[in-house]
Amino acid sequence: MPKLDDVCIQGESFKVTYLRDDDFFSQCWRNLENGKGEAETFNFFTEFVNQDTTVLDIGAWIGTTGLFLARKAKKVFLFEADPVALESLQANLNVNPDINNISIIHGAVAAESGKTKIYSDACGNNSGSSLYKTAGKSSWDVPKIDLDQFIVEQSVTEPVLVKMDIEAAEYDVIPGTSF
């Protein structure tokens, strides 16, 4: 049975589970709790996200920002292309049944919809999978998601906060987005 942990980041508490690499991911969550990782990011979220905000967390990984944002925002859309990270992300959401304002979307946000291949230098779940790698230890075919189209289809309204960490694919997405 996977290990279950309680996490508290800047006063927001939730549970996390470890499907693999317990030591690495436990240390990752402890660093976030202790302000040793991304403290400025969480400070920004605390200042600018409230119950009226819809968040698009593009590159959600295992939920390190998404679970925190769910405690603050009206709605959170978590986009994750890496299927191994997606499995951990879903597991982390599953151990928080009280969080009901998150939708997980499997796919790579890109300038247009379709299909693409992502590569990882490892076996996934290491935050290093990317559209811009052309080779790797592992790869997956994933859907591409047109962000403008997604916003229309989901009737996303302002205020919107976009958090994007997609390993250099930002250079493709941002110029192709009109909102």
# chains A, B, ... in the order shown; residues from 1 in each chain; ligands from 1

call {"tool": "select_by_dssp", "arguments": {"residues": "chain A", "states": "strand (DSSP E)", "output": "ChimeraX atom specification"}}
result
/A:3-9,12-18,54-58,75-80,102-106,108-110,114-120,138-146,160-164

call {"tool": "residues_around", "arguments": {"residues": "range 138-155 of chain A", "least_positions_apart": "2", "cutoff": "6 Å", "atoms": "only C-alpha atoms", "output": "ChimeraX atom specification"}}
result
/A:107-120,123,136

call {"tool": "closest_atom_pairs", "arguments": {"of": "range 142-162 of chain A", "to": "range 41-50 of chain A", "cutoff": "12 Å", "atoms": "only C-alpha atoms", "output": "tab-separated table"}}
result
residue	atom	partner	partner_atom	distance
A:Glu158	CA	A:Val49	CA	11.7
A:Pro159	CA	A:Val49	CA	9.0
A:Val160	CA	A:Val49	CA	8.9
A:Leu161	CA	A:Val49	CA	7.5
A:Val162	CA	A:Phe45	CA	10.7

call {"tool": "select_by_dssp", "arguments": {"residues": "range 87-128 of chain A", "states": "alpha helix (DSSP H)", "output": "list in words"}}
result
Glu87, Ser88, Leu89, Gln90, Ala91, Asn92, Leu93 and Asn94 of chain A

call {"tool": "closest_residue", "arguments": {"among": "A:Arg20, A:Asn100, A:Gln51, A:Lys133", "to": "Ala73 in chain A", "atoms": "only C-alpha atoms"}}
result
A:Gln51

call {"tool": "closest_residue", "arguments": {"among": "A:Ser88, A:Asn125, A:Gln10, A:Thr64", "to": "Gly35 in chain A", "atoms": "only C-alpha atoms"}}
result
A:Gln10

call {"tool": "residues_around", "arguments": {"residues": "Asp22 in chain A", "least_positions_apart": "3", "cutoff": "12 Å", "atoms": "only C-alpha atoms", "output": "MDAnalysis selection string"}}
result
chainID A and resid 2:5 16:19 25:30 88

call {"tool": "write_last_selection", "arguments": {"atoms": "C-alpha atoms", "output": "mmCIF file, in the first residue's frame"}}
result
data_model
loop_
_atom_site.group_PDB
_atom_site.id
_atom_site.type_symbol
_atom_site.label_atom_id
_atom_site.label_comp_id
_atom_site.auth_asym_id
_atom_site.auth_seq_id
_atom_site.Cartn_x
_atom_site.Cartn_y
_atom_site.Cartn_z
ATOM 1 C CA PRO A 2 1.414 3.440 -0.906
ATOM 2 C CA LYS A 3 2.626 5.707 1.875
ATOM 3 C CA LEU A 4 0.278 8.554 2.876
ATOM 4 C CA ASP A 5 1.527 11.901 4.241
ATOM 5 C CA VAL A 16 -0.232 13.200 -0.559
ATOM 6 C CA THR A 17 0.669 9.664 -1.458
ATOM 7 C CA TYR A 18 3.768 8.118 -2.949
ATOM 8 C CA LEU A 19 3.355 5.601 -5.739
ATOM 9 C CA PHE A 25 8.934 12.868 -3.316
ATOM 10 C CA SER A 26 8.786 13.049 0.475
ATOM 11 C CA GLN A 27 11.767 15.420 0.405
ATOM 12 C CA CYS A 28 10.122 17.455 -2.359
ATOM 13 C CA TRP A 29 6.971 17.971 -0.260
ATOM 14 C CA ARG A 30 9.019 18.733 2.909
ATOM 15 C CA SER A 88 0.730 10.320 -9.170
#

call {"tool": "decode", "arguments": {"residues": "range 7-71 of chain A", "atoms": "C-alpha atoms", "output": "PDB file, in the first residue's frame"}}
result
ATOM      1  CA  VAL A   7       1.352  18.290   3.926  1.00  0.00           C
ATOM      2  CA  CYS A   8       0.824  21.905   4.986  1.00  0.00           C
ATOM      3  CA  ILE A   9       2.056  24.732   2.751  1.00  0.00           C
ATOM      4  CA  GLN A  10       1.476  28.267   4.010  1.00  0.00           C
ATOM      5  CA  GLY A  11      -1.454  27.129   6.147  1.00  0.00           C
ATOM      6  CA  GLU A  12      -3.150  25.034   3.445  1.00  0.00           C
ATOM      7  CA  SER A  13      -3.316  21.336   4.371  1.00  0.00           C
ATOM      8  CA  PHE A  14      -3.872  18.275   2.238  1.00  0.00           C
ATOM      9  CA  LYS A  15      -2.707  14.683   1.910  1.00  0.00           C
ATOM     10  CA  VAL A  16      -0.232  13.200  -0.559  1.00  0.00           C
ATOM     11  CA  THR A  17       0.669   9.664  -1.458  1.00  0.00           C
ATOM     12  CA  TYR A  18       3.768   8.118  -2.949  1.00  0.00           C
ATOM     13  CA  LEU A  19       3.355   5.601  -5.739  1.00  0.00           C
ATOM     14  CA  ARG A  20       7.126   5.422  -6.316  1.00  0.00           C
ATOM     15  CA  ASP A  21      10.369   7.082  -5.198  1.00  0.00           C
ATOM     16  CA  ASP A  22       9.130   7.702  -1.645  1.00  0.00           C
ATOM     17  CA  ASP A  23      12.330   9.387  -0.446  1.00  0.00           C
ATOM     18  CA  PHE A  24      12.577  11.795  -3.391  1.00  0.00           C
ATOM     19  CA  PHE A  25       8.934  12.868  -3.316  1.00  0.00           C
ATOM     20  CA  SER A  26       8.786  13.049   0.475  1.00  0.00           C
ATOM     21  CA  GLN A  27      11.767  15.420   0.405  1.00  0.00           C
ATOM     22  CA  CYS A  28      10.122  17.455  -2.359  1.00  0.00           C
ATOM     23  CA  TRP A  29       6.971  17.971  -0.260  1.00  0.00           C
ATOM     24  CA  ARG A  30       9.019  18.733   2.909  1.00  0.00           C
ATOM     25  CA  ASN A  31      10.982  21.395   0.994  1.00  0.00           C
ATOM     26  CA  LEU A  32       7.741  23.028  -0.134  1.00  0.00           C
ATOM     27  CA  GLU A  33       6.392  22.948   3.430  1.00  0.00           C
ATOM     28  CA  ASN A  34       9.575  24.518   4.800  1.00  0.00           C
ATOM     29  CA  GLY A  35       9.704  27.271   2.177  1.00  0.00           C
ATOM     30  CA  LYS A  36      12.851  25.820   0.589  1.00  0.00           C
ATOM     31  CA  GLY A  37      11.187  25.375  -2.785  1.00  0.00           C
ATOM     32  CA  GLU A  38       9.089  27.850  -4.740  1.00  0.00           C
ATOM     33  CA  ALA A  39       8.288  30.071  -1.751  1.00  0.00           C
ATOM     34  CA  GLU A  40       7.841  33.102  -4.043  1.00  0.00           C
ATOM     35  CA  THR A  41       5.395  31.134  -6.196  1.00  0.00           C
ATOM     36  CA  PHE A  42       3.239  30.221  -3.213  1.00  0.00           C
ATOM     37  CA  ASN A  43       3.437  33.808  -1.897  1.00  0.00           C
ATOM     38  CA  PHE A  44       2.169  35.010  -5.282  1.00  0.00           C
ATOM     39  CA  PHE A  45      -0.700  32.507  -5.212  1.00  0.00           C
ATOM     40  CA  THR A  46      -1.646  33.588  -1.686  1.00  0.00           C
ATOM     41  CA  GLU A  47      -1.726  37.247  -2.730  1.00  0.00           C
ATOM     42  CA  PHE A  48      -3.530  36.940  -6.071  1.00  0.00           C
ATOM     43  CA  VAL A  49      -5.765  33.830  -5.975  1.00  0.00           C
ATOM     44  CA  ASN A  50      -9.131  33.886  -4.247  1.00  0.00           C
ATOM     45  CA  GLN A  51     -12.526  32.163  -4.399  1.00  0.00           C
ATOM     46  CA  ASP A  52     -13.386  34.080  -7.602  1.00  0.00           C
ATOM     47  CA  THR A  53     -10.270  32.896  -9.486  1.00  0.00           C
ATOM     48  CA  THR A  54     -10.092  30.108 -12.049  1.00  0.00           C
ATOM     49  CA  VAL A  55      -6.605  28.604 -12.314  1.00  0.00           C
ATOM     50  CA  LEU A  56      -5.073  26.881 -15.326  1.00  0.00           C
ATOM     51  CA  ASP A  57      -2.125  24.903 -13.925  1.00  0.00           C
ATOM     52  CA  ILE A  58      -0.295  23.866 -17.079  1.00  0.00           C
ATOM     53  CA  GLY A  59       2.378  21.333 -16.230  1.00  0.00           C
ATOM     54  CA  ALA A  60       0.747  20.222 -12.978  1.00  0.00           C
ATOM     55  CA  TRP A  61       3.224  17.383 -12.396  1.00  0.00           C
ATOM     56  CA  ILE A  62       2.185  15.545  -9.180  1.00  0.00           C
ATOM     57  CA  GLY A  63       0.005  18.374  -7.851  1.00  0.00           C
ATOM     58  CA  THR A  64       2.563  20.397  -5.901  1.00  0.00           C
ATOM     59  CA  THR A  65       0.843  23.670  -6.793  1.00  0.00           C
ATOM     60  CA  GLY A  66      -2.581  22.371  -7.812  1.00  0.00           C
ATOM     61  CA  LEU A  67      -3.564  20.935  -4.427  1.00  0.00           C
ATOM     62  CA  PHE A  68      -2.542  24.193  -2.740  1.00  0.00           C
ATOM     63  CA  LEU A  69      -4.445  26.275  -5.307  1.00  0.00           C
ATOM     64  CA  ALA A  70      -7.579  24.151  -4.883  1.00  0.00           C
ATOM     65  CA  ARG A  71      -7.827  25.439  -1.315  1.00  0.00           C
TER      66      ARG A  71
END
